[in-house]
>>> print(open('model-v1.txt').read())   # compact mmCIF, C-alpha atoms and all ligand atoms
# COMPACT_ATOMS: atom_id res chain seq x y z
CA MET E 226 96.44 63.67 68.36
CA LYS E 227 94.53 61.89 71.09
CA GLY E 228 94.28 65.21 72.95
CA TRP E 229 92.59 66.99 70.07
CA LEU E 230 89.97 64.26 69.85
CA ILE E 231 89.23 64.79 73.53
CA CYS E 232 89.06 68.52 72.79
CA ALA E 233 86.37 68.00 70.20
CA ALA E 234 84.34 65.95 72.68
CA LYS E 235 84.63 68.61 75.37
CA THR E 236 83.58 71.34 73.01
CA ARG E 237 80.47 69.40 72.06
CA THR E 238 79.43 69.15 75.69
CA GLY E 239 79.83 72.92 75.93
CA GLY E 240 82.63 73.09 78.54
CA ASN E 241 84.41 76.06 77.06
CA LYS E 242 86.89 76.38 79.92
CA MET E 243 88.03 72.79 79.56
CA ASP E 244 91.38 72.28 77.94
CA PRO E 245 91.97 69.56 75.31
CA PHE E 246 92.63 67.03 78.05
CA GLY E 247 89.48 67.60 80.05
CA ARG E 248 91.11 69.72 82.73
CA GLN E 249 89.00 72.58 84.00
CA ILE E 250 91.02 75.77 83.64
CA ASP E 251 89.68 78.53 85.83
CA TYR E 252 92.78 80.10 87.34
CA LEU E 253 94.76 82.96 85.74
CA ARG E 254 98.09 84.11 87.13
CA ILE E 255 98.94 87.60 85.98
CA SER E 256 102.47 88.99 85.92
CA VAL E 257 101.97 92.71 86.46
CA THR E 258 105.64 93.53 85.96
CA ASP E 259 108.93 91.85 85.12
CA ARG E 260 110.75 94.21 87.52
CA CYS E 261 111.90 93.06 90.92
CA ASN E 262 113.64 94.43 94.00
CA GLU E 263 115.39 91.12 94.69
CA ARG E 264 117.79 89.01 92.64
CA CYS E 265 117.04 85.41 93.49
CA LEU E 266 119.68 82.95 92.35
CA TYR E 267 117.13 80.74 90.60
CA CYS E 268 115.04 83.46 89.03
CA MET E 269 117.06 86.47 87.97
CA PRO E 270 120.37 85.58 86.35
CA GLU E 271 123.31 87.78 87.28
CA GLY E 272 123.71 90.65 84.85
CA TYR E 273 120.22 90.10 83.42
CA LYS E 274 119.27 93.01 81.18
CA GLY E 275 116.36 91.70 79.16
CA TRP E 276 113.71 93.92 80.78
CA GLU E 277 110.56 94.71 78.92
CA SER E 278 110.31 98.41 78.20
CA ASN E 279 107.64 100.16 80.25
CA PRO E 280 105.28 100.74 77.30
CA ASP E 281 105.39 96.99 76.65
CA HIS E 282 103.85 96.27 80.06
CA LEU E 283 100.09 96.01 80.07
CA THR E 284 98.47 99.04 81.66
CA ALA E 285 96.16 98.64 84.66
CA GLU E 286 93.17 99.13 82.36
CA GLU E 287 94.41 96.43 79.98
CA ILE E 288 95.00 93.96 82.81
CA ILE E 289 91.54 94.61 84.23
CA ARG E 290 89.95 94.22 80.83
CA VAL E 291 91.64 90.87 80.24
CA ALA E 292 90.54 89.74 83.71
CA ARG E 293 86.96 90.77 82.93
CA VAL E 294 86.93 88.85 79.65
CA ALA E 295 88.55 85.84 81.35
CA ALA E 296 85.92 85.93 84.10
CA GLY E 297 83.25 85.94 81.40
CA LEU E 298 84.85 82.80 80.02
CA GLY E 299 84.71 81.04 83.39
CA PHE E 300 87.97 82.00 85.07
CA ARG E 301 87.26 82.36 88.79
CA LYS E 302 90.60 82.65 90.57
CA PHE E 303 93.26 85.22 89.84
CA ARG E 304 96.70 85.85 91.27
CA LEU E 305 98.81 88.96 90.85
CA THR E 306 102.46 88.10 90.56
CA GLY E 307 105.59 89.08 88.67
CA GLY E 308 108.44 89.95 88.99
CA GLU E 309 107.61 91.61 92.23
CA PRO E 310 104.05 92.92 92.03
CA LEU E 311 104.53 95.28 94.97
CA VAL E 312 106.95 97.44 92.98
CA ARG E 313 104.02 98.45 90.79
CA GLY E 314 102.45 101.59 92.27
CA ASP E 315 98.98 101.00 90.85
CA LEU E 316 98.69 97.46 92.25
CA PRO E 317 95.99 98.38 94.83
CA ASP E 318 93.92 99.92 92.00
CA ILE E 319 94.30 96.78 89.89
CA ALA E 320 93.39 94.57 92.86
CA ARG E 321 90.37 96.70 93.75
CA ALA E 322 88.98 96.66 90.22
CA MET E 323 89.59 92.94 89.75
CA ALA E 324 87.93 91.99 93.03
CA LYS E 325 84.75 93.69 91.82
CA ILE E 326 84.51 91.86 88.48
CA PRO E 327 81.39 89.66 88.39
CA GLY E 328 82.37 86.00 88.55
CA VAL E 329 85.73 86.62 90.20
CA GLU E 330 85.84 84.50 93.35
CA SER E 331 89.32 85.23 94.56
CA VAL E 332 92.22 87.56 93.82
CA GLY E 333 95.50 86.60 95.48
CA LEU E 334 99.03 87.92 95.52
CA SER E 335 102.47 86.32 95.28
CA THR E 336 105.20 88.51 96.72
CA ASN E 337 108.72 88.43 98.07
CA GLY E 338 107.32 90.35 101.03
CA LEU E 339 109.90 93.15 101.10
CA ARG E 340 107.25 95.87 100.78
CA LEU E 341 104.40 93.99 102.37
CA ALA E 342 104.64 95.60 105.79
CA ALA E 343 103.33 98.89 104.39
CA LEU E 344 101.04 97.44 101.74
CA ALA E 345 99.29 94.51 103.43
CA GLN E 346 96.49 96.59 104.93
CA PRO E 347 95.67 98.66 101.82
CA LEU E 348 95.77 95.57 99.63
CA ARG E 349 93.47 93.65 101.95
CA ALA E 350 91.13 96.64 101.99
CA ALA E 351 91.27 96.68 98.19
CA GLY E 352 89.83 93.16 98.14
CA LEU E 353 92.86 90.87 97.91
CA ARG E 354 92.00 87.69 99.77
CA THR E 355 95.14 85.58 99.94
CA VAL E 356 98.86 86.16 99.90
CA ASN E 357 101.81 83.86 99.22
CA VAL E 358 105.14 85.07 100.53
CA SER E 359 108.44 83.66 99.33
CA LEU E 360 110.71 82.76 102.23
CA ASP E 361 113.68 80.62 101.25
CA ALA E 362 115.53 80.97 104.55
CA LEU E 363 115.19 82.51 108.00
CA ASP E 364 118.89 82.95 108.52
CA PRO E 365 119.65 86.53 107.37
CA GLN E 366 122.94 85.60 105.66
CA ILE E 367 121.48 82.65 103.80
CA TYR E 368 118.42 84.69 102.83
CA ARG E 369 120.64 87.47 101.52
CA ARG E 370 122.82 85.05 99.61
CA ILE E 371 119.78 83.60 97.83
CA THR E 372 117.79 86.77 97.18
CA GLY E 373 120.01 89.78 97.85
CA GLY E 374 117.31 91.05 100.24
CA ASP E 375 116.71 91.64 103.95
CA VAL E 376 114.76 88.84 105.66
CA ALA E 377 113.75 91.13 108.55
CA LYS E 378 111.61 93.15 106.13
CA VAL E 379 109.98 89.98 104.81
CA LEU E 380 109.18 88.80 108.34
CA ALA E 381 107.63 92.19 109.09
CA GLY E 382 105.60 91.82 105.89
CA ILE E 383 104.35 88.38 106.93
CA GLN E 384 103.35 89.75 110.32
CA ALA E 385 101.50 92.62 108.63
CA ALA E 386 99.65 90.17 106.39
CA ILE E 387 98.54 88.18 109.45
CA VAL E 388 97.38 91.37 111.19
CA ALA E 389 95.55 92.50 108.03
CA GLU E 390 93.56 89.24 108.23
CA PHE E 391 94.11 87.87 104.77
CA GLU E 392 92.03 84.72 104.41
CA ARG E 393 95.21 82.75 103.90
CA VAL E 394 98.91 83.55 104.13
CA LYS E 395 101.16 80.85 102.71
CA LEU E 396 104.94 80.59 102.66
CA ASN E 397 106.94 79.36 99.66
CA CYS E 398 110.47 78.02 99.78
CA VAL E 399 112.47 76.90 96.74
CA LEU E 400 114.61 73.86 97.57
CA MET E 401 118.31 74.17 96.82
CA ARG E 402 120.87 71.59 97.82
CA GLY E 403 123.84 73.08 99.60
CA VAL E 404 122.15 76.48 99.80
CA ASN E 405 119.09 76.32 102.07
CA GLU E 406 118.97 72.64 103.10
CA THR E 407 119.76 73.63 106.68
CA GLU E 408 116.81 76.05 106.69
CA LEU E 409 114.05 73.53 106.03
CA TRP E 410 113.45 72.55 109.62
CA PRO E 411 113.65 76.15 111.00
CA LEU E 412 111.11 77.13 108.34
CA VAL E 413 108.80 74.31 109.42
CA LEU E 414 109.01 75.50 113.05
CA PHE E 415 108.34 79.09 111.96
CA ALA E 416 105.34 77.99 109.89
CA ALA E 417 103.96 75.94 112.79
CA GLU E 418 104.45 78.77 115.27
CA HIS E 419 102.49 81.18 113.09
CA GLY E 420 99.94 78.67 111.81
CA LEU E 421 100.91 79.29 108.17
CA PRO E 422 101.02 76.59 105.48
CA LEU E 423 104.51 76.18 104.03
CA ARG E 424 105.25 74.86 100.55
CA PHE E 425 108.56 73.49 99.38
CA ILE E 426 109.08 73.96 95.64
CA GLU E 427 111.49 72.05 93.43
CA LEU E 428 113.82 74.13 91.31
CA MET E 429 112.68 74.50 87.72
CA PRO E 430 114.85 75.60 84.78
CA LEU E 431 112.90 78.80 84.34
CA THR E 432 115.21 81.62 83.50
CA SER E 433 118.45 79.93 82.61
CA THR E 434 119.37 76.26 82.44
CA GLU E 435 122.29 76.86 84.80
CA VAL E 436 120.02 77.20 87.81
CA LEU E 437 119.08 73.57 87.63
CA THR E 438 122.09 71.30 87.99
CA GLU E 439 122.44 67.86 89.55
CA LYS E 440 124.48 69.58 92.23
CA ASN E 441 121.87 72.08 93.39
CA PHE E 442 118.64 70.24 92.63
CA LEU E 443 117.01 69.01 95.83
CA PRO E 444 114.02 66.77 95.11
CA CYS E 445 110.90 66.99 97.25
CA GLY E 446 111.35 63.33 98.19
CA GLU E 447 114.69 64.10 99.84
CA ALA E 448 113.29 67.11 101.67
CA MET E 449 110.48 64.88 102.97
CA GLN E 450 112.94 62.27 104.15
CA SER E 451 114.93 64.91 105.94
CA LEU E 452 111.82 66.28 107.72
CA ALA E 453 110.67 62.73 108.52
CA GLN E 454 113.78 62.30 110.68
CA ARG E 455 112.32 64.93 113.02
CA ASP E 456 108.57 64.46 112.80
CA GLU E 457 105.99 62.17 111.29
CA LEU E 458 104.53 63.36 107.98
CA VAL E 459 100.86 62.44 107.80
CA PRO E 460 99.51 62.69 104.21
CA GLN E 461 96.53 64.99 103.74
CA PRO E 462 95.26 63.75 100.36
CA ASP E 463 92.03 65.71 100.60
CA ARG E 464 93.63 68.94 101.76
CA LYS E 465 93.32 71.61 99.08
CA LEU E 466 94.70 74.97 100.09
CA GLY E 467 94.17 77.45 97.34
CA HIS E 468 94.46 76.52 93.71
CA GLY E 469 97.99 75.19 93.37
CA PRO E 470 99.48 71.73 92.77
CA ALA E 471 100.99 71.12 96.24
CA LYS E 472 100.61 67.78 98.02
CA TYR E 473 100.10 68.43 101.71
CA TYR E 474 101.29 66.67 104.86
CA LEU E 475 100.58 67.41 108.49
CA LEU E 476 103.62 67.16 110.72
CA LYS E 477 102.29 65.29 113.71
CA GLN E 478 104.32 66.81 116.56
CA THR E 479 104.86 70.35 115.34
CA GLY E 480 101.40 70.71 113.77
CA ALA E 481 102.90 72.35 110.66
CA LEU E 482 101.04 71.94 107.40
CA VAL E 483 103.66 71.41 104.71
CA GLY E 484 103.10 71.14 100.96
CA PHE E 485 105.44 69.86 98.29
CA ILE E 486 105.45 71.10 94.71
CA GLY E 487 107.48 68.59 92.73
CA ALA E 488 107.21 69.79 89.16
CA LEU E 489 110.18 67.67 88.12
CA THR E 490 109.92 64.51 90.19
CA ASN E 491 106.13 64.12 90.37
CA GLU E 492 105.19 62.44 87.12
CA HIS E 493 101.51 63.24 87.69
CA PHE E 494 102.22 66.92 88.29
CA CYS E 495 100.32 68.27 85.28
CA GLU E 496 97.26 66.04 85.56
CA GLN E 497 95.33 68.43 87.77
CA CYS E 498 96.63 71.65 86.19
CA ASN E 499 93.98 74.35 86.32
CA LYS E 500 95.78 77.48 85.19
CA MET E 501 97.12 79.72 82.48
CA ARG E 502 99.33 82.77 82.77
CA LEU E 503 99.22 86.30 81.44
CA THR E 504 102.74 87.63 80.93
CA ALA E 505 103.79 91.15 81.87
CA ASP E 506 103.79 92.07 78.18
CA GLY E 507 100.33 90.71 77.48
CA LYS E 508 100.85 87.18 76.15
CA VAL E 509 98.65 84.35 77.37
CA ARG E 510 100.85 81.42 78.23
CA PRO E 511 98.97 78.16 78.64
CA CYS E 512 101.87 76.34 80.35
CA LEU E 513 104.86 77.61 82.32
CA GLY E 514 107.12 74.92 80.87
CA ASN E 515 106.22 75.36 77.21
CA HIS E 516 106.94 78.31 74.93
CA ILE E 517 103.47 78.52 73.38
CA GLU E 518 102.05 82.04 73.83
CA VAL E 519 99.07 83.89 72.38
CA ASP E 520 99.43 87.63 71.94
CA LEU E 521 96.67 89.60 73.62
CA ARG E 522 98.51 92.91 73.77
CA ALA E 523 98.54 93.37 70.02
CA ALA E 524 94.79 92.75 69.98
CA LEU E 525 94.21 95.06 72.93
CA ARG E 526 96.14 97.85 71.25
CA HIS E 527 94.55 97.42 67.84
CA GLY E 528 90.98 97.93 68.89
CA ALA E 529 89.89 94.31 69.40
CA ASP E 530 86.47 93.95 70.99
CA ASP E 531 85.80 91.66 73.96
CA GLY E 532 84.60 88.88 71.65
CA ALA E 533 87.97 88.85 69.87
CA LEU E 534 89.82 88.78 73.20
CA LYS E 535 87.65 85.90 74.36
CA GLU E 536 88.53 84.00 71.19
CA LEU E 537 92.23 84.52 71.84
CA LEU E 538 91.85 83.21 75.38
CA GLU E 539 89.98 80.19 74.00
CA THR E 540 92.77 79.63 71.48
CA ALA E 541 95.27 79.59 74.34
CA LEU E 542 93.08 77.07 76.17
CA ARG E 543 93.02 74.82 73.12
CA LEU E 544 96.81 75.04 72.85
CA LYS E 545 97.43 74.04 76.46
CA PRO E 546 99.79 71.07 76.32
CA LEU E 547 99.32 67.85 78.25
CA GLU E 548 102.42 68.46 80.34
CA HIS E 549 105.40 70.76 80.79
CA GLN E 550 108.70 70.16 79.01
CA PHE E 551 111.01 70.66 81.98
CA ARG E 552 112.09 67.03 81.88
CA THR E 553 112.80 67.04 78.15
CA ASN E 554 115.55 69.57 77.68
CA TYR E 555 113.37 72.68 78.00
CA GLN E 556 115.39 75.74 77.00
CA PRO E 557 114.18 78.84 78.83
CA CYS E 558 114.03 81.92 76.68
CA ARG E 559 111.90 84.24 78.77
CA PRO E 560 112.64 85.00 82.40
CA MET E 561 110.28 83.78 85.07
CA THR E 562 109.74 87.38 86.12
CA ALA E 563 108.08 88.23 82.81
CA ILE E 564 106.04 85.05 82.60
CA GLY E 565 104.72 85.27 86.13
CA GLY E 566 105.54 82.79 88.87
N1 LIG I 601 108.36 88.04 93.41
C1 LIG I 601 107.34 87.22 93.93
C2 LIG I 601 107.90 86.11 94.78
O1 LIG I 601 109.11 85.97 94.83
O2 LIG I 601 107.12 85.40 95.41
C3 LIG I 601 106.42 86.65 92.88
C4 LIG I 601 107.05 86.14 91.61
S1 LIG I 601 108.08 84.73 91.82
C5 LIG I 601 108.64 84.48 90.17
C6 LIG I 601 106.87 83.48 92.15
C7 LIG I 601 107.41 82.19 92.72
O3 LIG I 601 108.22 81.57 91.75
C8 LIG I 601 108.25 82.34 93.97
O4 LIG I 601 107.75 81.51 95.00
C9 LIG I 601 109.60 81.90 93.53
O5 LIG I 601 110.32 81.33 94.57
C10 LIG I 601 109.28 80.92 92.43
N2 LIG I 601 110.37 80.69 91.50
C11 LIG I 601 111.07 81.60 90.80
N3 LIG I 601 112.02 81.00 90.04
C12 LIG I 601 111.90 79.68 90.28
C13 LIG I 601 112.60 78.52 89.82
N4 LIG I 601 113.61 78.61 88.95
N5 LIG I 601 112.22 77.32 90.27
C14 LIG I 601 111.19 77.20 91.15
N6 LIG I 601 110.50 78.24 91.63
C15 LIG I 601 110.85 79.46 91.21
FE1 LIG I 602 112.10 88.61 92.32
FE2 LIG I 602 110.34 86.76 93.07
FE3 LIG I 602 112.13 86.27 91.11
FE4 LIG I 602 113.00 86.48 93.57
S1 LIG I 602 111.56 84.92 92.80
S2 LIG I 602 113.92 87.48 91.77
S3 LIG I 602 111.65 87.97 94.42
S4 LIG I 602 110.49 87.73 91.05
>>> encode(input="model-v1.txt", output="structure tokens", more="lines below")
Ligand code: SAM
Ligand code: SF4
Amino acid sequence: MKGWLICAAKTRTGGNKMDPFGRQIDYLRISVTDRCNERCLYCMPEGYKGWESNPDHLTAEEIIRVARVAAGLGFRKFRLTGGEPLVRGDLPDIARAMAKIPGVESVGLSTNGLRLAALAQPLRAAGLRTVNVSLDALDPQIYRRITGGDVAKVLAGIQAAIVAEFERVKLNCVLMRGVNETELWPLVLFAAEHGLPLRFIELMPLTSTEVLTEKNFLPCGEAMQSLAQRDELVPQPDRKLGHGPAKYYLLKQTGALVGFIGALTNEHFCEQCNKMRLTADGKVRPCLGNHIEVDLRAALRHGADDGALKELLETALRLKPLEHQFRTNYQPCRPMTAIGG
């Protein structure tokens, strides 16, 4: 109730990209596909068969149109994600068109890196500015156990992204007790050696509740304690790298810049939230950890004009909840790959 009162106040002052709680929402993460060439333990449940059919995916034109309308509404930062965005053949075309939209300040990419070696240069040339690469382990066996993929290809992709001179290349590692705990320090050394920020992400119950158990959940606090045994973590409260919710620390000896994304243990996690998501099948999702969605695809395919699309985006903004429901028995019903990580 309180939130809706705040909403009314914000509307009166004309901030149409404010959500009901006064947060400025100017970041849209777009899942361009729910398909993926890896099978990460925490993301793609074994035997998963709930793929969207191809016609259900937004076309490149539809994605670009939504981005244009969102930019008109005040969205400034965009990220192409999935699923694995690099399995979509028209990704460079989407990136190129989005980078040219007036008002768009930055288009980034989140990828598992498997195909990045070949695509880094064309995507940079197309106007992508930043890239986040998932890297849960350096050890080839551990990496394969988590993702099913080949870490050598990912490392080649990271190297290609550095050579292609993306403005920022960040590494993401999902924390899993008993699975990649031994990889945290090697990843820090790798990040320091290459001068790349590294973020550790707490497991979230995104695709199935089984991924998040007491046994395999490794809180950010514990990961920090473990790193603190080897190096001093100096808080960087003013460090903002990109548009995400990470809290950064500089490791004094190694020089690594390490961020922690504690969606479950950080009680203030949602306070600075600045984003919404567009799912692979064209739903606007105001919060990753809440099932509210607003259907844009139906509107797109039934002749809606830009004004109607803008209204739907504004509706999604108004429906953005105060915080995610991951701590209150959230039951996933759509895979992370479709929603967009
Ligand atoms: N395929 C790309 C990748 O792996 O980076 C982009 C999509 S992926 C869904 C985006 C991010 O979500 C990755 O960093 C991934 O590790 C993270 N992710 C997926 N499932 C997760 C989960 N259950 N908990 C926490 N992070 C998760
Ligand atoms: Fe694919 Fe990324 Fe999910 Fe792994 S985290 S299964 S790479 S979409």
>>> residues_near_point(input="model-v1.txt", point="(104.1, 92.6, 80.2)", cutoff="9 Å", atoms="all atoms listed in the file", output="PyMOL selection string")
chain E and resi 256-259+277-284+503-508+522+563-564
>>> residues_around(input="model-v1.txt", residues="E:Thr553", least_positions_apart="2", cutoff="12 Å", atoms="all atoms listed in the file", output="list in words")
Pro430, Leu489, Gly514, Asn515, Glu548, His549, Gln550, Phe551, Tyr555, Gln556 and Pro557 of chain E
>>> closest_atom_pairs(input="model-v1.txt", of="chain E", to="ligand LIG 601 (chain I)", cutoff="6 Å", atoms="only C-alpha atoms and all ligand atoms", output="tab-separated table")
residue	atom	partner	partner_atom	distance
E:Tyr267	CA	I:LIG601	N4	4.4
E:Cys268	CA	I:LIG601	N3	4.0
E:Thr306	CA	I:LIG601	C3	4.8
E:Gly307	CA	I:LIG601	C4	4.4
E:Gly308	CA	I:LIG601	N1	4.8
E:Glu309	CA	I:LIG601	N1	3.8
E:Ser335	CA	I:LIG601	C3	4.6
E:Thr336	CA	I:LIG601	C1	3.7
E:Asn337	CA	I:LIG601	O1	4.1
E:Val358	CA	I:LIG601	O2	5.5
E:Ser359	CA	I:LIG601	O2	4.5
E:Asn397	CA	I:LIG601	O4	5.2
E:Val399	CA	I:LIG601	O5	5.4
E:Ile426	CA	I:LIG601	C14	5.9
E:Glu427	CA	I:LIG601	C14	5.6
E:Leu428	CA	I:LIG601	N5	3.7
E:Met429	CA	I:LIG601	N5	3.8
E:Pro430	CA	I:LIG601	N4	5.3
E:Leu431	CA	I:LIG601	N4	4.7
E:Met561	CA	I:LIG601	C5	5.4
E:Thr562	CA	I:LIG601	C5	5.1
E:Gly565	CA	I:LIG601	C5	5.7
E:Gly566	CA	I:LIG601	C6	3.6
>>> closest_residue(input="model-v1.txt", among="E:Leu360, E:Ile486, E:Ala295, E:Ala343", to="ligand LIG 602 (chain I)", atoms="all atoms listed in the file")
E:Leu360
>>> axis_aligned_box(input="model-v1.txt", around="ligand LIG 602 (chain I)", padding_each_side="6 Å", output="lines of an AutoDock Vina configuration file")
center_x = 112.1
center_y = 86.8
center_z = 92.7
size_x = 15.6
size_y = 15.7
size_z = 15.4
>>> atom_distance(input="model-v1.txt", atom1="atom CA of E:Arg552", atom2="atom CA of E:Ala448")
19.8 Å
>>> residues_near_point(input="model-v1.txt", point="(96.9, 81.2, 104.1)", cutoff="12 Å", atoms="only C-alpha atoms", output="JSON, numbers by chain")
{"E": [333, 334, 335, 354, 355, 356, 357, 358, 383, 386, 387, 390, 391, 392, 393, 394, 395, 396, 397, 416, 419, 420, 421, 422, 423, 424, 465, 466, 467, 468, 482, 483]}
>>> write_last_selection(input="model-v1.txt", atoms="C-alpha atoms", output="mmCIF file, in the coordinates of the input")
data_model
loop_
_atom_site.group_PDB
_atom_site.id
_atom_site.type_symbol
_atom_site.label_atom_id
_atom_site.label_comp_id
_atom_site.auth_asym_id
_atom_site.auth_seq_id
_atom_site.Cartn_x
_atom_site.Cartn_y
_atom_site.Cartn_z
ATOM 1 C CA GLY E 333 95.500 86.600 95.480
ATOM 2 C CA LEU E 334 99.030 87.920 95.520
ATOM 3 C CA SER E 335 102.470 86.320 95.280
ATOM 4 C CA ARG E 354 92.000 87.690 99.770
ATOM 5 C CA THR E 355 95.140 85.580 99.940
ATOM 6 C CA VAL E 356 98.860 86.160 99.900
ATOM 7 C CA ASN E 357 101.810 83.860 99.220
ATOM 8 C CA VAL E 358 105.140 85.070 100.530
ATOM 9 C CA ILE E 383 104.350 88.380 106.930
ATOM 10 C CA ALA E 386 99.650 90.170 106.390
ATOM 11 C CA ILE E 387 98.540 88.180 109.450
ATOM 12 C CA GLU E 390 93.560 89.240 108.230
ATOM 13 C CA PHE E 391 94.110 87.870 104.770
ATOM 14 C CA GLU E 392 92.030 84.720 104.410
ATOM 15 C CA ARG E 393 95.210 82.750 103.900
ATOM 16 C CA VAL E 394 98.910 83.550 104.130
ATOM 17 C CA LYS E 395 101.160 80.850 102.710
ATOM 18 C CA LEU E 396 104.940 80.590 102.660
ATOM 19 C CA ASN E 397 106.940 79.360 99.660
ATOM 20 C CA ALA E 416 105.340 77.990 109.890
ATOM 21 C CA HIS E 419 102.490 81.180 113.090
ATOM 22 C CA GLY E 420 99.940 78.670 111.810
ATOM 23 C CA LEU E 421 100.910 79.290 108.170
ATOM 24 C CA PRO E 422 101.020 76.590 105.480
ATOM 25 C CA LEU E 423 104.510 76.180 104.030
ATOM 26 C CA ARG E 424 105.250 74.860 100.550
ATOM 27 C CA LYS E 465 93.320 71.610 99.080
ATOM 28 C CA LEU E 466 94.700 74.970 100.090
ATOM 29 C CA GLY E 467 94.170 77.450 97.340
ATOM 30 C CA HIS E 468 94.460 76.520 93.710
ATOM 31 C CA LEU E 482 101.040 71.940 107.400
ATOM 32 C CA VAL E 483 103.660 71.410 104.710
#
>>> atom_distance(input="model-v1.txt", atom1="atom CA of E:Leu409", atom2="atom CA of E:Arg370")
15.8 Å
>>> residues_around(input="model-v1.txt", residues="E:Gln346", least_positions_apart="2", cutoff="8 Å", atoms="all atoms listed in the file", output="VMD selection string")
chain E and resid 343 to 344 348 to 350 385 to 386 389
>>> closest_residue(input="model-v1.txt", among="E:Phe425, E:His493, E:Leu305, E:Glu447", to="E:Ile319", atoms="all atoms listed in the file")
E:Leu305
>>> residues_around(input="model-v1.txt", residues="E:Phe300", least_positions_apart="6", cutoff="8 Å", atoms="all atoms listed in the file", output="PDB file with C-alpha atoms, keeping the file's coordinate frame")
ATOM      1  CA  LYS E 242      86.890  76.380  79.920  1.00  0.00           C
ATOM      2  CA  ILE E 250      91.020  75.770  83.640  1.00  0.00           C
ATOM      3  CA  ASP E 251      89.680  78.530  85.830  1.00  0.00           C
ATOM      4  CA  TYR E 252      92.780  80.100  87.340  1.00  0.00           C
ATOM      5  CA  LEU E 253      94.760  82.960  85.740  1.00  0.00           C
ATOM      6  CA  GLY E 328      82.370  86.000  88.550  1.00  0.00           C
ATOM      7  CA  VAL E 329      85.730  86.620  90.200  1.00  0.00           C
TER       8      VAL E 329
END
>>> closest_residue(input="model-v1.txt", among="E:Glu271, E:Glu539, E:Asp364, E:Asp530", to="ligand LIG 602 (chain I)", atoms="all atoms listed in the file")
E:Glu271
